[in-house]
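A.B. asks: Let me begin by handing over the structure; questions about it come next.
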Amino acid sequence: MQFLGLLLDAENAIGPALGMILAFLLVLAAIAWASVRFLKQRLGWIAYVLAGLIFLLPVIWLLSGLAPRGAPNSGPPKVLTSPKLSLFLRGGGDPGIAGLAFFDGALYVGTGMGLVEVRDGKVSKLLRFQNSISVVSGPWLDPANHLLWAVDDNTMELVRFDGKRWARTPEPVSPDSCRALGFDEGTHLIGGTQGFWLVSSGCAWRWDAPSRQWRLAATVPPPAGYPSGSAFVFGVLPMEPAPLLIIRHDLRAWKARPDETFASDEIAADAAVNSPAIERQGEPFRAGTWAVTADAAYICTKDQTLLQVTTQLVSAVPSPGPCEALAGGADADLLVGIRRQGIFRYSPKNGWTLIANAPYPSGEGDYSAFLAAANGQVAFAMERKPILSEGNNVRFNAPTALWTLRGRDFVPVPLR
């Protein structure tokens, strides 16, 4: 019966479709007849050629739609500047923000329309790695190699910029020895004075600048069957004299409810498989974002608690409020975005210092926060998160916005 219904539906659809095709052909015939009538005396036999082209153009249009698209761009990005940049930005919708980083005096912002360059509080360039859809993840700063990194989401390639040229390299492929099945924790990248690190699927790689290759640096192979207690590398804290590893022991940790118990993340002292965890004081935690300063590393957990990490101890830091973004650097101070309050400078010696009030003081809604700082420059951004409501409808309860710091005040940077 279901097959019979499909046949009846098909028969019912044939009539209207044939009618539309016939009407379209009649319109083309009328246009061709009119062109021959009015152009024959002026153009002679060429008028008949033009009339034939009228019927040929729809065929060409259909074939162009069926033709395979060109391969994605594998070279440097296309750079848009004013006035084309202004027209492009005005015609776009919500750009989306995926990260911030300062590099060579400019702020770079990863968005759904490309990599945006901001100078003097204004958008100066848009770098599009693809002509049609050019989504960019990141960027991340690599101070050891003087590079800016990002991900071209269309090709899933890592792109790096040395201040003059862009180059591409594929993401390293995780070997079976450290690929954890049944979860997707994403890719985490971080740079420090020791180098640039990438963590994905339970493995950690370090960028080898001389050979321009990724070198597998750390792996914690999970046992067969990948039980909930298995361990894998979740992140790297590039501290001196040796990097520390964020080890995740529970595949459920990323989605655990606030009232649900789970095996805590731990910090490993080195890259050895069975290296002992650094002593932890306090409650179990799930690492959210992290940053490194000259003398310590810091983690903003999923429940927005700030942790300090040294080579001897992992401990909670009393803070003015819930953390939502971190920015480290070569000095001993850490910048922390405190929800609803502002951007603070923290150091173990001097404690907390407010440097600017929150540009989004209500702190309401669901969003991701990003913070970047370099040479006295500070930028803060937030990206709204989609919320699935009744009927599988997607809604948002927070904005997407970008600000740069001028004096003690944040000034918005329009991205559209």
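Each chain in the structure tokens gets a letter, A, B, ..., in the order shown, and its residues are numbered from 1; ligands are numbered from 1 in order too.
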List the neighbours of range 236-246 of chain A out to 9 Å using only C-alpha atoms; skip same-chain residues closer than 2 positions along the sequence, and give me the result as JSON, numbers by chain.
C.D. replies: {"A": [188, 189, 190, 191, 192, 193, 194, 195, 196, 197, 198, 199, 204, 218, 232, 233, 234, 248, 265, 266, 267, 268, 269, 270, 271, 287, 290, 291, 292, 293, 294, 295, 296, 297, 298, 310, 311]}
A.B. asks: With a distance cut-off of 7 Å and only C-alpha atoms, select the neighbouring residues of Leu313 in chain A, excluding the residue or stretch itself and same-chain residues fewer than 2 positions from it, and output the selection as a PyMOL selection string.
C.D. replies: chain A and resi 278-280+309-311+315
A.B. asks: For the residues in that selection, give me C-alpha atoms as a compact mmCIF listing (two decimals), in the first residue's frame.
C.D. replies:
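Writing done, so here's again17.txt:
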# COMPACT_ATOMS: atom_id res chain seq x y z
CA ILE A 278 50.71 16.16 40.91
CA GLU A 279 49.09 16.49 44.31
CA ARG A 280 45.65 18.08 44.11
CA VAL A 309 49.09 24.59 38.80
CA THR A 310 52.74 24.31 39.77
CA THR A 311 55.12 21.39 39.53
CA SER A 315 45.03 24.18 44.19
A.B. asks: Please provide as number ranges by chain all residues within 9 Å of range 134-151 of chain A, with the sequence filter that same-chain residues fewer than 6 positions apart are discarded (counting only C-alpha atoms).
C.D. replies: A: 97-103, 108-115, 127-128, 157-163, 189-197, 209
A.B. asks: Dump C-alpha atoms for the selected residues as a compact mmCIF listing (two decimals), in the first residue's frame?
C.D. replies:
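That gives us part.txt:
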# COMPACT_ATOMS: atom_id res chain seq x y z
CA ILE A 97 33.67 34.16 16.99
CA ALA A 98 36.01 31.24 17.61
CA GLY A 99 39.07 32.84 19.21
CA LEU A 100 41.37 35.83 19.67
CA ALA A 101 45.12 36.43 19.48
CA PHE A 102 47.44 39.41 19.17
CA PHE A 103 50.27 39.08 16.67
CA TYR A 108 43.21 38.53 14.88
CA VAL A 109 39.72 37.12 15.35
CA GLY A 110 38.55 33.75 14.06
CA THR A 111 35.02 33.97 12.65
CA GLY A 112 32.58 32.14 10.43
CA MET A 113 33.48 34.41 7.51
CA GLY A 114 37.28 34.25 7.79
CA LEU A 115 40.10 35.61 9.90
CA LEU A 127 41.40 37.01 5.30
CA ARG A 128 39.24 34.39 3.57
CA GLU A 157 44.22 22.10 7.70
CA LEU A 158 46.33 24.09 10.12
CA VAL A 159 47.50 27.38 8.65
CA ARG A 160 50.39 29.38 10.07
CA PHE A 161 51.52 32.97 9.51
CA ASP A 162 55.03 34.31 10.14
CA GLY A 163 54.13 37.95 9.55
CA LEU A 189 46.29 24.14 20.83
CA ILE A 190 48.53 26.28 22.99
CA GLY A 191 51.86 28.05 22.61
CA GLY A 192 54.53 28.99 25.11
CA THR A 193 58.21 29.77 25.39
CA GLN A 194 58.92 26.04 24.95
CA GLY A 195 57.04 25.65 21.69
CA PHE A 196 53.64 25.07 20.19
CA TRP A 197 51.48 22.10 21.14
CA ALA A 209 59.95 24.28 13.32
A.B. asks: Pick out the closest residue to Ala373 in chain A from this set: A:Pro95, A:Pro72, A:Gly105, A:Gly351. Count only C-alpha atoms.
C.D. replies: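 Distance minimum relative to Ala373 in chain A lands on A:Gly105.
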A.B. asks: Can you check which residues of range 243-383 of chain A DSSP gives as strand (DSSP E) on the backbone and send them as a ChimeraX atom specification?
C.D. replies: /A:244-248,266-268,279-280,287-292,297-301,306-309,313-316,323-327,334-338,342-347,351-357,367-374,377-383
A.B. asks: For CA of Ser319 in chain A and CA of Leu306 in chain A, quote the distance in Å rounded to one decimal.
C.D. replies: 7.2 Å
A.B. asks: So how many Å separate CA of Leu80 in chain A and CA of Leu126 in chain A, to one decimal?
C.D. replies: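 CA of Leu126 in chain A lies at a distance of 5.1 Å from CA of Leu80 in chain A.
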A.B. asks: Pull the closest atom pair for each residue of range 329-351 of chain A that gets at most 10 Å from range 355-368 of chain A, along with the distance in Å to one decimal, counting only C-alpha atoms, ordering rows by chain and then ascending residue number, as CSV.
C.D. replies:
residue,atom,partner,partner_atom,distance
A:Leu335,CA,A:Ile355,CA,9.2
A:Gly337,CA,A:Ala358,CA,8.1
A:Ile338,CA,A:Ala358,CA,7.9
A:Arg339,CA,A:Gly363,CA,5.9
A:Arg340,CA,A:Pro361,CA,4.5
A:Gln341,CA,A:Ala358,CA,5.2
A:Gly342,CA,A:Ala358,CA,3.6
A:Ile343,CA,A:Ala356,CA,5.4
A:Phe344,CA,A:Ile355,CA,5.6
A:Arg345,CA,A:Ile355,CA,6.8
A.B. asks: Just the number, please: distance in Å from CA of Leu405 in chain A to CA of Pro386 in chain A, one decimal.
C.D. replies: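 These two atoms are separated by 27.4 Å.
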A.B. asks: At a cut-off of 12 Å, using only C-alpha atoms, what residues contact Glu283 in chain A? Leave out same-chain residues fewer than 6 positions from it and give the result as a VMD selection string.
C.D. replies: chain A and resid 261 to 266 301 303 305 to 307 314 to 316
A.B. asks: Please produce a file of those selected residues containing N, CA and C atoms, as a PDB file, in the first residue's frame.
C.D. replies:
ATOM      1  N   THR A 261      28.892  12.624  40.270  1.00  0.00           N
ATOM      2  CA  THR A 261      30.300  12.360  40.563  1.00  0.00           C
ATOM      3  C   THR A 261      31.004  11.826  39.323  1.00  0.00           C
ATOM      4  N   PHE A 262      32.284  12.134  39.218  1.00  0.00           N
ATOM      5  CA  PHE A 262      33.072  11.684  38.080  1.00  0.00           C
ATOM      6  C   PHE A 262      34.534  11.659  38.497  1.00  0.00           C
ATOM      7  N   ALA A 263      35.340  10.905  37.762  1.00  0.00           N
ATOM      8  CA  ALA A 263      36.772  10.868  38.033  1.00  0.00           C
ATOM      9  C   ALA A 263      37.396  12.190  37.611  1.00  0.00           C
ATOM     10  N   SER A 264      38.117  12.818  38.507  1.00  0.00           N
ATOM     11  CA  SER A 264      38.671  14.143  38.257  1.00  0.00           C
ATOM     12  C   SER A 264      39.769  14.116  37.201  1.00  0.00           C
ATOM     13  N   ASP A 265      39.890  15.216  36.447  1.00  0.00           N
ATOM     14  CA  ASP A 265      41.093  15.423  35.641  1.00  0.00           C
ATOM     15  C   ASP A 265      42.283  15.539  36.589  1.00  0.00           C
ATOM     16  N   GLU A 266      43.460  15.179  36.087  1.00  0.00           N
ATOM     17  CA  GLU A 266      44.677  15.286  36.882  1.00  0.00           C
ATOM     18  C   GLU A 266      45.777  15.917  36.033  1.00  0.00           C
ATOM     19  N   THR A 301      37.989  25.940  35.318  1.00  0.00           N
ATOM     20  CA  THR A 301      37.278  24.678  35.199  1.00  0.00           C
ATOM     21  C   THR A 301      35.907  24.885  34.581  1.00  0.00           C
ATOM     22  N   ASP A 303      33.122  24.396  35.937  1.00  0.00           N
ATOM     23  CA  ASP A 303      32.226  25.083  36.863  1.00  0.00           C
ATOM     24  C   ASP A 303      32.754  26.462  37.260  1.00  0.00           C
ATOM     25  N   THR A 305      35.698  27.601  38.316  1.00  0.00           N
ATOM     26  CA  THR A 305      36.617  27.757  39.439  1.00  0.00           C
ATOM     27  C   THR A 305      38.028  27.909  38.889  1.00  0.00           C
ATOM     28  N   LEU A 306      38.809  28.821  39.475  1.00  0.00           N
ATOM     29  CA  LEU A 306      40.166  29.045  39.016  1.00  0.00           C
ATOM     30  C   LEU A 306      41.134  28.181  39.813  1.00  0.00           C
ATOM     31  N   LEU A 307      41.972  27.417  39.100  1.00  0.00           N
ATOM     32  CA  LEU A 307      42.991  26.582  39.720  1.00  0.00           C
ATOM     33  C   LEU A 307      44.378  27.074  39.339  1.00  0.00           C
ATOM     34  N   VAL A 314      48.336  21.338  42.753  1.00  0.00           N
ATOM     35  CA  VAL A 314      47.175  21.884  42.046  1.00  0.00           C
ATOM     36  C   VAL A 314      46.195  22.352  43.116  1.00  0.00           C
ATOM     37  N   SER A 315      45.875  23.646  43.128  1.00  0.00           N
ATOM     38  CA  SER A 315      45.033  24.176  44.192  1.00  0.00           C
ATOM     39  C   SER A 315      44.119  25.262  43.653  1.00  0.00           C
ATOM     40  N   ALA A 316      42.982  25.447  44.338  1.00  0.00           N
ATOM     41  CA  ALA A 316      42.018  26.477  43.950  1.00  0.00           C
ATOM     42  C   ALA A 316      42.517  27.842  44.380  1.00  0.00           C
TER      43      ALA A 316
END
